[in-house]
Amino acid sequence: MAERPESQPEQEPGRSGLGARLGLRTQVLLLTLVVALLPIGLSGRSLVVLTRDELKSSANDELAAAATELAHEADDFFSDAWSTPLRMLRDALERDEVSGEARLALLRSVESMEDVVALRLSVEGGLQPVLVARDDFTRRLSAAGLEPSDVLGMEPSRLRGLQGPGPVQVGGPVLLPAVDTWLLTLALPLERSVAGHPLVLVAYVDLGRLQRRMAQHPLRGSGTVMLVEASGRNLLDARGVDVSEREIVRQALALLASGSRAVGVIPYERPAGGRAVAAHAFSERLPWAVIVEQDETTAHATLQAMQRSLQLWLGVGLVAVVLGATLLAQRISRPVRDMVRVARQVGEGDFGVRVQEGRGSRELVELGGSINRMVAGLAERERIKNIFGRYVTQEVVNQLLGSPRGLELVGERREVTILFTDLRGYTALSERLQPDQVLLVLNRYFEVMVEVCQRHGGTINEILGDALLVLFGAPLDMPDQARRAVGCAVEMQRAMEGVNEGLRGEGLSALEMGIGIHTGEVVAGNVGSHKRAKYTVTGSAVNLASRIESFTAGGQILVSERTLRAAGPDVEAGERMEVEAKGVKGKLILHEVLGLGGEAGLWLPRRQEELRALAEALPVAYAVLEGKHLGASVPGALVRLGPHTAELRGAAPLEPFSNLRMDLGPARGELSGQDVYAKVVRRVDEGLFLVRFTSVPPEVASFFERLRA
């Protein structure tokens with residue numbers, strides 16, 4: 001049979017029609033183009049329209065805000081620079097106690113008014129007014145060939161034509177082309193009268209400063225600002241051009257005449273051609289309109305730029321969709337080949353490989369992600385096995401991770417052997433060391449001890465500061481758990497010599513460790529939550545193992561009688577002792593372990609402690625440590641001294657296994673504050689006790705060596 005051409009994939013049974021004839025690559029390409037291009041085109045058009053309307057509204061709002069701002073500027077000038085000082089001057093002129101000469105002097109204060117160029121006090125009815133003008137303004141008029149009295153004159157009848165919303169009446173502004181100046185007339189009627197004729201204070205205001213302020217508005221750089229008075233003249237134009245033919249001005253003047261102060265924005269055709277957008281606002285104090293105007297292209301420049309940008313990006317988006325669809329269709333088979341490669345490498349044990357996600361159809365992307373999560377889970381499982389294997393044997397790891405219930409939050413009762421260790425005098429030692437030295441000591445110690453525990457099948461359940469809690473018989477059943485625990489303890493004590501040799505090489509003090517072992521029933525299982533849990537054991541047996549450890553001296557192993565029986569006859573036991581432990585009823589029988597025979601062949605080194613009698617007893621002060629509490633200080637003396645032990649004569653009786661803190665201050669002043677810690681081993685005689693040192697500062701150790709020499 002002839003082979004089917006590769007370009008025509010085999011049709012699935014039951015399928016027919018166009019979908020069956022088109023390849024997957026073509027189907028993906030067509031579907032992507034239809035699904036992507038249609039929404040993008042429609043949404044892009046809507047976005048352009050919406051953005052255009054929003055930007056037009058924003059541009060109009062900017063023009064209206066600029067017109068309103070300039071109108072407020074004119075109101076501020078009227079109130080602060082013109083009206084207020086004139087009202088103060090009028091009030092001064094009203095006073096009865098002010099003489100004629102004083103009133104004339106007040107009028108001469110025009111020199112200190114920034115915008116007022118002249119003041120006159122007129123009497124309605126034709127009496128000769130009093131006129132005072134600023135010298136600089138008078139000189140300007142004279143230089144232009146103008147007579148100040150003609151320019152600043154006003155018939156009394158004209159005063160009746162002034163208007164305004166308050167006590168200050170406003171006249172129409174007058175243009176003086178010869179000096180390029182607009183003058184505004186302000187009048188304030190006085191309550192005083194002369195011969196029955198009312199007095200009026202008239203001020204002539206130069207609008208130059210207001211014009212300059214408005215000319216500085218940022219809008220002047222891209223548009224036009226006009227200040228239009230009621231007759232249609234632009235007060236910001238030195239020629240006084242009539243701008244009333246403009247539509248925006250006509251609308252503003254109509255509102256001004258009607259008394260309305262509404263802000264408005266309109267687009268319109270200029271008389272000279274071209275479209276513009278303008279806004280008008282009105283002064284509340286002056287009969288003027290503020291008009292700002294821009295070419296429509298300038299006002300809507302942002303709109304046009306945004307439209308061009310949107311159209312550009314929409315075009316780019318359409319091109320990107322076409323290219324992306326084409327690329328997706330061309331590379332549709334690559335994710336499948338990538339998945340095959342990953343599956344093959346994972347099968348060979350390489351958990352670092354990953355499917356390249358984000359390529360192919362959605363289903364292929366999800367499949368690739370699922371494969372990656374599966375591979376990551378396998379890699380995490382291996383990592384957990386490796387990490388967990390640092391604390392327990394590989395058999396324990398395999399059981400916990402291989403059992404369906406290995407990590408469930410359930411517990412069970414089982415018999416285990418608990419081994420507790422603790423470094424003697426470590427707390428005092430750590431206070432004398434730098435932080436990096438403390439970590440060095442702990443790391444050197446645990447590096448060796450963890451390895452020994454794993455070699456004997458122990459599960460390290462806790463590392464508590466300088467202490468270890470090791471389980472034998474959990475989570476795995478271990479028929480010889482007690483024997484393993486004893487053998488582990490002996491090897492740990494033997495390994496301390498290597499630890500101390502390394503510490504001495506670093507210039508650090510040697511360490512001593514005590515070990516307590518007990519066998520009993522506990523509740524074992526995972527404790528915590530489904531997010532974070534921990535395998536642990538609880539029960540009185542755990543507490544009892546901790547109590548047994550507390551009775552040990554440095555280098556000593558103590559086991560309970562139950563552990564000794566369970567460990568078998570190969571255990572060589574030393575001294576048998578009866579102690580009273582907190583929380584334990586009756587006497588607790590403990591045995592010191594000296595070694596483990598049989599195939600293990602592990603023995604502790606025999607210590608021959610030679611005590612030398614001191615030529616003169618060494619006075620000390622000692623106190624009993626009960627947990628975190630320190631008893632009263634009692635005087636005593638060291639009478640015999642060895643490398644690790646001493647005989648202490650005390651004024652008060654001491655119980656065996658008591659922990660002591662001794663101060664040598666009474667004997668040597670230079671050693672004051674150097675505390676020595678020790679444990680009572682046994683009572684030698686009445687008032688005489690054998691103690692074993694657990695922590696000796698280097699200075700005190702040197703002092704003891706000199707005493708023994």
# chains A, B, ... in the order shown; residues from 1 in each chain; ligands from 1
$ residues_around --residues "Leu188 of chain A" --least-positions-apart "2" --cutoff "10 Å" --atoms "only C-alpha atoms" --output "PyMOL selection string"
chain A and resi 83+86-87+89-90+121+159+166-170+186+190-191+199-203
$ write_last_selection --atoms "all heavy atoms" --output "short mmCIF file (atom, residue, chain, number, x, y, z; two decimals), in the first residue's frame"
data_model
loop_
_atom_site.label_atom_id
_atom_site.label_comp_id
_atom_site.auth_asym_id
_atom_site.auth_seq_id
_atom_site.Cartn_x
_atom_site.Cartn_y
_atom_site.Cartn_z
N SER A 83 -9.92 98.81 45.57
CA SER A 83 -11.07 99.12 46.44
C SER A 83 -10.67 99.32 47.89
O SER A 83 -11.08 100.29 48.53
CB SER A 83 -12.11 98.00 46.32
OG SER A 83 -13.16 98.21 47.21
N LEU A 86 -8.79 102.59 48.71
CA LEU A 86 -9.67 103.75 48.50
C LEU A 86 -10.71 103.87 49.61
O LEU A 86 -11.03 104.98 50.06
CB LEU A 86 -10.36 103.64 47.14
CG LEU A 86 -9.44 103.84 45.92
CD1 LEU A 86 -10.22 103.63 44.63
CD2 LEU A 86 -8.81 105.23 45.93
N ARG A 87 -11.23 102.73 50.06
CA ARG A 87 -12.19 102.79 51.17
C ARG A 87 -11.52 103.29 52.44
O ARG A 87 -12.11 104.04 53.22
CB ARG A 87 -12.81 101.41 51.39
CG ARG A 87 -13.81 101.01 50.30
CD ARG A 87 -14.75 99.93 50.80
NE ARG A 87 -14.03 98.78 51.29
CZ ARG A 87 -13.71 97.73 50.55
NH1 ARG A 87 -14.06 97.71 49.28
NH2 ARG A 87 -13.08 96.71 51.07
N LEU A 89 -8.99 105.35 52.53
CA LEU A 89 -8.79 106.79 52.34
C LEU A 89 -10.10 107.54 52.56
O LEU A 89 -10.14 108.60 53.20
CB LEU A 89 -8.24 107.05 50.94
CG LEU A 89 -8.00 108.51 50.57
CD1 LEU A 89 -6.99 109.16 51.52
CD2 LEU A 89 -7.52 108.62 49.11
N ARG A 90 -11.19 107.00 52.04
CA ARG A 90 -12.50 107.65 52.22
C ARG A 90 -12.85 107.74 53.70
O ARG A 90 -13.31 108.78 54.18
CB ARG A 90 -13.57 106.87 51.48
CG ARG A 90 -14.97 107.48 51.62
CD ARG A 90 -16.04 106.47 51.29
NE ARG A 90 -15.96 105.33 52.20
CZ ARG A 90 -16.71 104.24 52.07
NH1 ARG A 90 -17.56 104.13 51.08
NH2 ARG A 90 -16.59 103.25 52.94
N LEU A 121 -11.16 115.05 44.66
CA LEU A 121 -12.29 115.19 45.59
C LEU A 121 -13.24 116.18 44.95
O LEU A 121 -12.96 117.38 44.88
CB LEU A 121 -11.80 115.68 46.96
CG LEU A 121 -12.77 115.52 48.11
CD1 LEU A 121 -13.17 114.06 48.31
CD2 LEU A 121 -12.15 116.06 49.40
N LEU A 159 -20.62 111.76 37.02
CA LEU A 159 -20.54 110.88 38.19
C LEU A 159 -21.79 110.03 38.31
O LEU A 159 -21.77 108.94 38.88
CB LEU A 159 -20.33 111.71 39.46
CG LEU A 159 -18.99 112.44 39.57
CD1 LEU A 159 -18.96 113.28 40.83
CD2 LEU A 159 -17.84 111.44 39.57
N GLY A 166 -21.13 97.63 44.67
CA GLY A 166 -20.88 98.01 46.06
C GLY A 166 -20.68 99.49 46.21
O GLY A 166 -21.06 100.29 45.34
N PRO A 167 -20.04 99.88 47.28
CA PRO A 167 -19.83 101.31 47.53
C PRO A 167 -18.87 101.96 46.53
O PRO A 167 -18.87 103.17 46.37
CB PRO A 167 -19.27 101.34 48.94
CG PRO A 167 -18.67 99.98 49.15
CD PRO A 167 -19.53 99.05 48.39
N VAL A 168 -18.05 101.18 45.87
CA VAL A 168 -17.11 101.72 44.89
C VAL A 168 -17.77 101.64 43.52
O VAL A 168 -18.07 100.55 43.03
CB VAL A 168 -15.78 100.94 44.90
CG1 VAL A 168 -14.83 101.51 43.85
CG2 VAL A 168 -15.16 100.98 46.28
N GLN A 169 -18.01 102.78 42.89
CA GLN A 169 -18.66 102.85 41.59
C GLN A 169 -17.59 102.84 40.49
O GLN A 169 -16.52 103.40 40.64
CB GLN A 169 -19.50 104.12 41.48
CG GLN A 169 -20.52 104.30 42.62
CD GLN A 169 -21.50 103.15 42.65
OE1 GLN A 169 -22.15 102.86 41.65
NE2 GLN A 169 -21.61 102.51 43.80
N VAL A 170 -17.93 102.16 39.37
CA VAL A 170 -16.96 101.95 38.30
C VAL A 170 -17.43 102.65 37.04
O VAL A 170 -18.59 102.50 36.63
CB VAL A 170 -16.78 100.44 38.01
CG1 VAL A 170 -15.73 100.23 36.92
CG2 VAL A 170 -16.39 99.71 39.29
N LEU A 186 -12.86 105.16 39.25
CA LEU A 186 -13.58 104.61 40.39
C LEU A 186 -14.05 105.77 41.26
O LEU A 186 -13.29 106.72 41.48
CB LEU A 186 -12.69 103.68 41.21
CG LEU A 186 -12.08 102.48 40.49
CD1 LEU A 186 -11.19 101.69 41.44
CD2 LEU A 186 -13.17 101.58 39.94
N LEU A 190 -18.95 110.22 49.52
CA LEU A 190 -18.72 110.46 50.95
C LEU A 190 -20.03 110.89 51.60
O LEU A 190 -20.92 111.46 50.95
CB LEU A 190 -17.66 111.55 51.17
CG LEU A 190 -16.19 111.10 51.11
CD1 LEU A 190 -15.82 110.63 49.72
CD2 LEU A 190 -15.28 112.23 51.57
N GLU A 191 -20.16 110.59 52.86
CA GLU A 191 -21.35 111.03 53.60
C GLU A 191 -21.28 112.53 53.93
O GLU A 191 -22.30 113.16 54.17
CB GLU A 191 -21.50 110.21 54.87
CG GLU A 191 -21.78 108.73 54.61
CD GLU A 191 -21.96 107.96 55.90
OE1 GLU A 191 -21.92 108.61 56.98
OE2 GLU A 191 -22.16 106.72 55.84
N LEU A 199 -19.94 115.11 48.64
CA LEU A 199 -18.55 114.95 48.18
C LEU A 199 -18.38 113.55 47.56
O LEU A 199 -18.99 112.57 48.02
CB LEU A 199 -17.58 115.10 49.35
CG LEU A 199 -17.36 116.52 49.88
CD1 LEU A 199 -16.54 116.48 51.15
CD2 LEU A 199 -16.66 117.37 48.84
N VAL A 200 -17.54 113.48 46.54
CA VAL A 200 -17.24 112.20 45.88
C VAL A 200 -15.72 112.08 45.73
O VAL A 200 -15.08 113.00 45.22
CB VAL A 200 -17.92 112.09 44.51
CG1 VAL A 200 -17.56 110.76 43.85
CG2 VAL A 200 -19.43 112.21 44.64
N LEU A 201 -15.18 110.95 46.20
CA LEU A 201 -13.76 110.66 46.02
C LEU A 201 -13.61 109.87 44.72
O LEU A 201 -14.19 108.80 44.58
CB LEU A 201 -13.20 109.85 47.19
CG LEU A 201 -11.74 109.40 47.07
CD1 LEU A 201 -10.80 110.61 47.00
CD2 LEU A 201 -11.37 108.48 48.22
N VAL A 202 -12.87 110.42 43.77
CA VAL A 202 -12.69 109.79 42.46
C VAL A 202 -11.23 109.38 42.33
O VAL A 202 -10.32 110.16 42.64
CB VAL A 202 -13.09 110.74 41.32
CG1 VAL A 202 -12.89 110.07 39.96
CG2 VAL A 202 -14.54 111.19 41.48
N ALA A 203 -11.03 108.12 41.86
CA ALA A 203 -9.66 107.61 41.64
C ALA A 203 -9.53 107.19 40.19
O ALA A 203 -10.46 106.63 39.60
CB ALA A 203 -9.39 106.43 42.56
#
$ select_by_dssp --residues "segment 396-526 of chain A" --states "alpha helix (DSSP H)" --output "ChimeraX atom specification"
/A:396-402,426-432,435-455,481-505
$ atom_distance --atom1 "atom CA of Arg270 of chain A" --atom2 "atom CA of Arg246 of chain A"
6.7 Å
$ residues_around --residues "segment 672-688 of chain A" --least-positions-apart "3" --cutoff "9 Å" --atoms "only C-alpha atoms" --output "MDAnalysis selection string"
chainID A and resid 424:425 428 551:553 645 647:669 691:697 699:700
$ closest_residue --among "A:Ala230, A:Met374, A:Leu235, A:Ala621" --to "Gly259 of chain A" --atoms "only C-alpha atoms"
A:Ala230
$ atom_distance --atom1 "atom CA of Leu146 of chain A" --atom2 "atom CA of Ser109 of chain A"
23.3 Å
$ atom_distance --atom1 "atom CA of Glu111 of chain A" --atom2 "atom CA of Arg134 of chain A"
5.6 Å
$ closest_residue --among "A:Ile418, A:Ala600, A:Leu511, A:Ala281" --to "Gly487 of chain A" --atoms "only C-alpha atoms"
A:Ala600
$ select_by_dssp --residues "segment 192-279 of chain A" --states "strand (DSSP E or B)" --output "PyMOL selection string"
chain A and resi 192-194+197-206+224-229+233-234+242+264-269+275-279
$ residues_around --residues "Glu575 of chain A" --least-positions-apart "5" --cutoff "12 Å" --atoms "only C-alpha atoms" --output "PDB file with N, CA, C and O atoms, in the first residue's frame"
ATOM      1  N   GLN A 556      29.484  11.376  80.945  1.00  0.00           N
ATOM      2  CA  GLN A 556      28.782  10.268  81.591  1.00  0.00           C
ATOM      3  C   GLN A 556      27.533   9.886  80.804  1.00  0.00           C
ATOM      4  O   GLN A 556      26.884  10.723  80.176  1.00  0.00           O
ATOM      5  N   ILE A 557      27.193   8.588  80.864  1.00  0.00           N
ATOM      6  CA  ILE A 557      25.959   8.064  80.270  1.00  0.00           C
ATOM      7  C   ILE A 557      25.173   7.395  81.380  1.00  0.00           C
ATOM      8  O   ILE A 557      25.680   6.477  82.046  1.00  0.00           O
ATOM      9  N   LEU A 558      23.938   7.838  81.586  1.00  0.00           N
ATOM     10  CA  LEU A 558      23.051   7.221  82.566  1.00  0.00           C
ATOM     11  C   LEU A 558      21.831   6.675  81.853  1.00  0.00           C
ATOM     12  O   LEU A 558      21.262   7.342  80.980  1.00  0.00           O
ATOM     13  N   VAL A 559      21.434   5.443  82.225  1.00  0.00           N
ATOM     14  CA  VAL A 559      20.266   4.817  81.623  1.00  0.00           C
ATOM     15  C   VAL A 559      19.334   4.361  82.725  1.00  0.00           C
ATOM     16  O   VAL A 559      19.753   4.100  83.864  1.00  0.00           O
ATOM     17  N   ILE A 589      15.912   4.413  89.781  1.00  0.00           N
ATOM     18  CA  ILE A 589      17.179   3.675  89.762  1.00  0.00           C
ATOM     19  C   ILE A 589      17.854   3.913  88.412  1.00  0.00           C
ATOM     20  O   ILE A 589      17.265   3.657  87.352  1.00  0.00           O
ATOM     21  N   LEU A 590      19.080   4.414  88.458  1.00  0.00           N
ATOM     22  CA  LEU A 590      19.858   4.706  87.257  1.00  0.00           C
ATOM     23  C   LEU A 590      21.144   3.901  87.271  1.00  0.00           C
ATOM     24  O   LEU A 590      21.665   3.534  88.341  1.00  0.00           O
ATOM     25  N   HIS A 591      21.677   3.638  86.084  1.00  0.00           N
ATOM     26  CA  HIS A 591      22.929   2.896  85.941  1.00  0.00           C
ATOM     27  C   HIS A 591      23.847   3.678  85.017  1.00  0.00           C
ATOM     28  O   HIS A 591      23.409   4.192  83.983  1.00  0.00           O
ATOM     29  N   GLU A 592      25.105   3.730  85.404  1.00  0.00           N
ATOM     30  CA  GLU A 592      26.093   4.367  84.540  1.00  0.00           C
ATOM     31  C   GLU A 592      26.597   3.338  83.545  1.00  0.00           C
ATOM     32  O   GLU A 592      26.930   2.205  83.910  1.00  0.00           O
ATOM     33  N   VAL A 593      26.649   3.706  82.274  1.00  0.00           N
ATOM     34  CA  VAL A 593      27.114   2.819  81.208  1.00  0.00           C
ATOM     35  C   VAL A 593      28.598   3.062  80.986  1.00  0.00           C
ATOM     36  O   VAL A 593      29.036   4.208  80.810  1.00  0.00           O
ATOM     37  N   LEU A 594      29.353   1.922  80.964  1.00  0.00           N
ATOM     38  CA  LEU A 594      30.797   2.020  80.730  1.00  0.00           C
ATOM     39  C   LEU A 594      31.189   1.525  79.344  1.00  0.00           C
ATOM     40  O   LEU A 594      32.263   1.842  78.856  1.00  0.00           O
ATOM     41  N   VAL A 681      28.665  15.060  92.839  1.00  0.00           N
ATOM     42  CA  VAL A 681      28.694  13.644  92.469  1.00  0.00           C
ATOM     43  C   VAL A 681      28.215  12.772  93.623  1.00  0.00           C
ATOM     44  O   VAL A 681      27.313  11.955  93.483  1.00  0.00           O
ATOM     45  N   ARG A 682      28.809  12.990  94.813  1.00  0.00           N
ATOM     46  CA  ARG A 682      28.389  12.206  95.987  1.00  0.00           C
ATOM     47  C   ARG A 682      28.906  12.885  97.246  1.00  0.00           C
ATOM     48  O   ARG A 682      29.719  13.801  97.203  1.00  0.00           O
TER      49      ARG A 682
END
$ decode --residues "segment 564-608 of chain A" --atoms "C-alpha atoms" --output "PDB file, in the first residue's frame"
ATOM      1  CA  LEU A 564      19.419  -1.559  80.842  1.00  0.00           C
ATOM      2  CA  ARG A 565      17.268  -4.722  80.843  1.00  0.00           C
ATOM      3  CA  ALA A 566      16.086  -4.134  77.275  1.00  0.00           C
ATOM      4  CA  ALA A 567      19.621  -3.507  75.983  1.00  0.00           C
ATOM      5  CA  GLY A 568      20.745  -7.006  76.962  1.00  0.00           C
ATOM      6  CA  PRO A 569      23.690  -8.515  78.806  1.00  0.00           C
ATOM      7  CA  ASP A 570      26.367  -6.970  76.605  1.00  0.00           C
ATOM      8  CA  VAL A 571      25.992  -3.605  78.362  1.00  0.00           C
ATOM      9  CA  GLU A 572      28.722  -3.051  80.948  1.00  0.00           C
ATOM     10  CA  ALA A 573      27.170  -1.072  83.755  1.00  0.00           C
ATOM     11  CA  GLY A 574      29.058   0.830  86.407  1.00  0.00           C
ATOM     12  CA  GLU A 575      27.703   2.501  89.488  1.00  0.00           C
ATOM     13  CA  ARG A 576      24.047   1.931  90.406  1.00  0.00           C
ATOM     14  CA  MET A 577      22.354   4.952  91.971  1.00  0.00           C
ATOM     15  CA  GLU A 578      18.981   5.855  93.375  1.00  0.00           C
ATOM     16  CA  VAL A 579      17.741   9.373  92.782  1.00  0.00           C
ATOM     17  CA  GLU A 580      14.588  11.347  93.274  1.00  0.00           C
ATOM     18  CA  ALA A 581      13.406  13.005  90.093  1.00  0.00           C
ATOM     19  CA  LYS A 582      10.897  15.797  89.865  1.00  0.00           C
ATOM     20  CA  GLY A 583       7.512  14.488  88.725  1.00  0.00           C
ATOM     21  CA  VAL A 584       8.476  10.832  89.371  1.00  0.00           C
ATOM     22  CA  LYS A 585       6.977   8.880  92.263  1.00  0.00           C
ATOM     23  CA  GLY A 586       9.421   6.968  94.396  1.00  0.00           C
ATOM     24  CA  LYS A 587      13.102   6.353  93.816  1.00  0.00           C
ATOM     25  CA  LEU A 588      14.463   6.272  90.289  1.00  0.00           C
ATOM     26  CA  ILE A 589      17.179   3.675  89.762  1.00  0.00           C
ATOM     27  CA  LEU A 590      19.858   4.706  87.257  1.00  0.00           C
ATOM     28  CA  HIS A 591      22.929   2.896  85.941  1.00  0.00           C
ATOM     29  CA  GLU A 592      26.093   4.367  84.540  1.00  0.00           C
ATOM     30  CA  VAL A 593      27.114   2.819  81.208  1.00  0.00           C
ATOM     31  CA  LEU A 594      30.797   2.020  80.730  1.00  0.00           C
ATOM     32  CA  GLY A 595      30.616   0.223  77.402  1.00  0.00           C
ATOM     33  CA  LEU A 596      28.858  -2.195  75.080  1.00  0.00           C
ATOM     34  CA  GLY A 597      30.409  -5.587  74.417  1.00  0.00           C
ATOM     35  CA  GLY A 598      29.614  -8.231  71.865  1.00  0.00           C
ATOM     36  CA  GLU A 599      29.923  -7.342  68.206  1.00  0.00           C
ATOM     37  CA  ALA A 600      29.856  -3.610  69.024  1.00  0.00           C
ATOM     38  CA  GLY A 601      33.012  -3.633  71.125  1.00  0.00           C
ATOM     39  CA  LEU A 602      32.537  -0.035  72.272  1.00  0.00           C
ATOM     40  CA  TRP A 603      34.045   1.091  75.589  1.00  0.00           C
ATOM     41  CA  LEU A 604      34.388   4.422  77.286  1.00  0.00           C
ATOM     42  CA  PRO A 605      37.921   5.426  78.294  1.00  0.00           C
ATOM     43  CA  ARG A 606      38.651   4.842  81.963  1.00  0.00           C
ATOM     44  CA  ARG A 607      39.219   8.098  83.753  1.00  0.00           C
ATOM     45  CA  GLN A 608      41.705   8.096  86.585  1.00  0.00           C
TER      46      GLN A 608
END
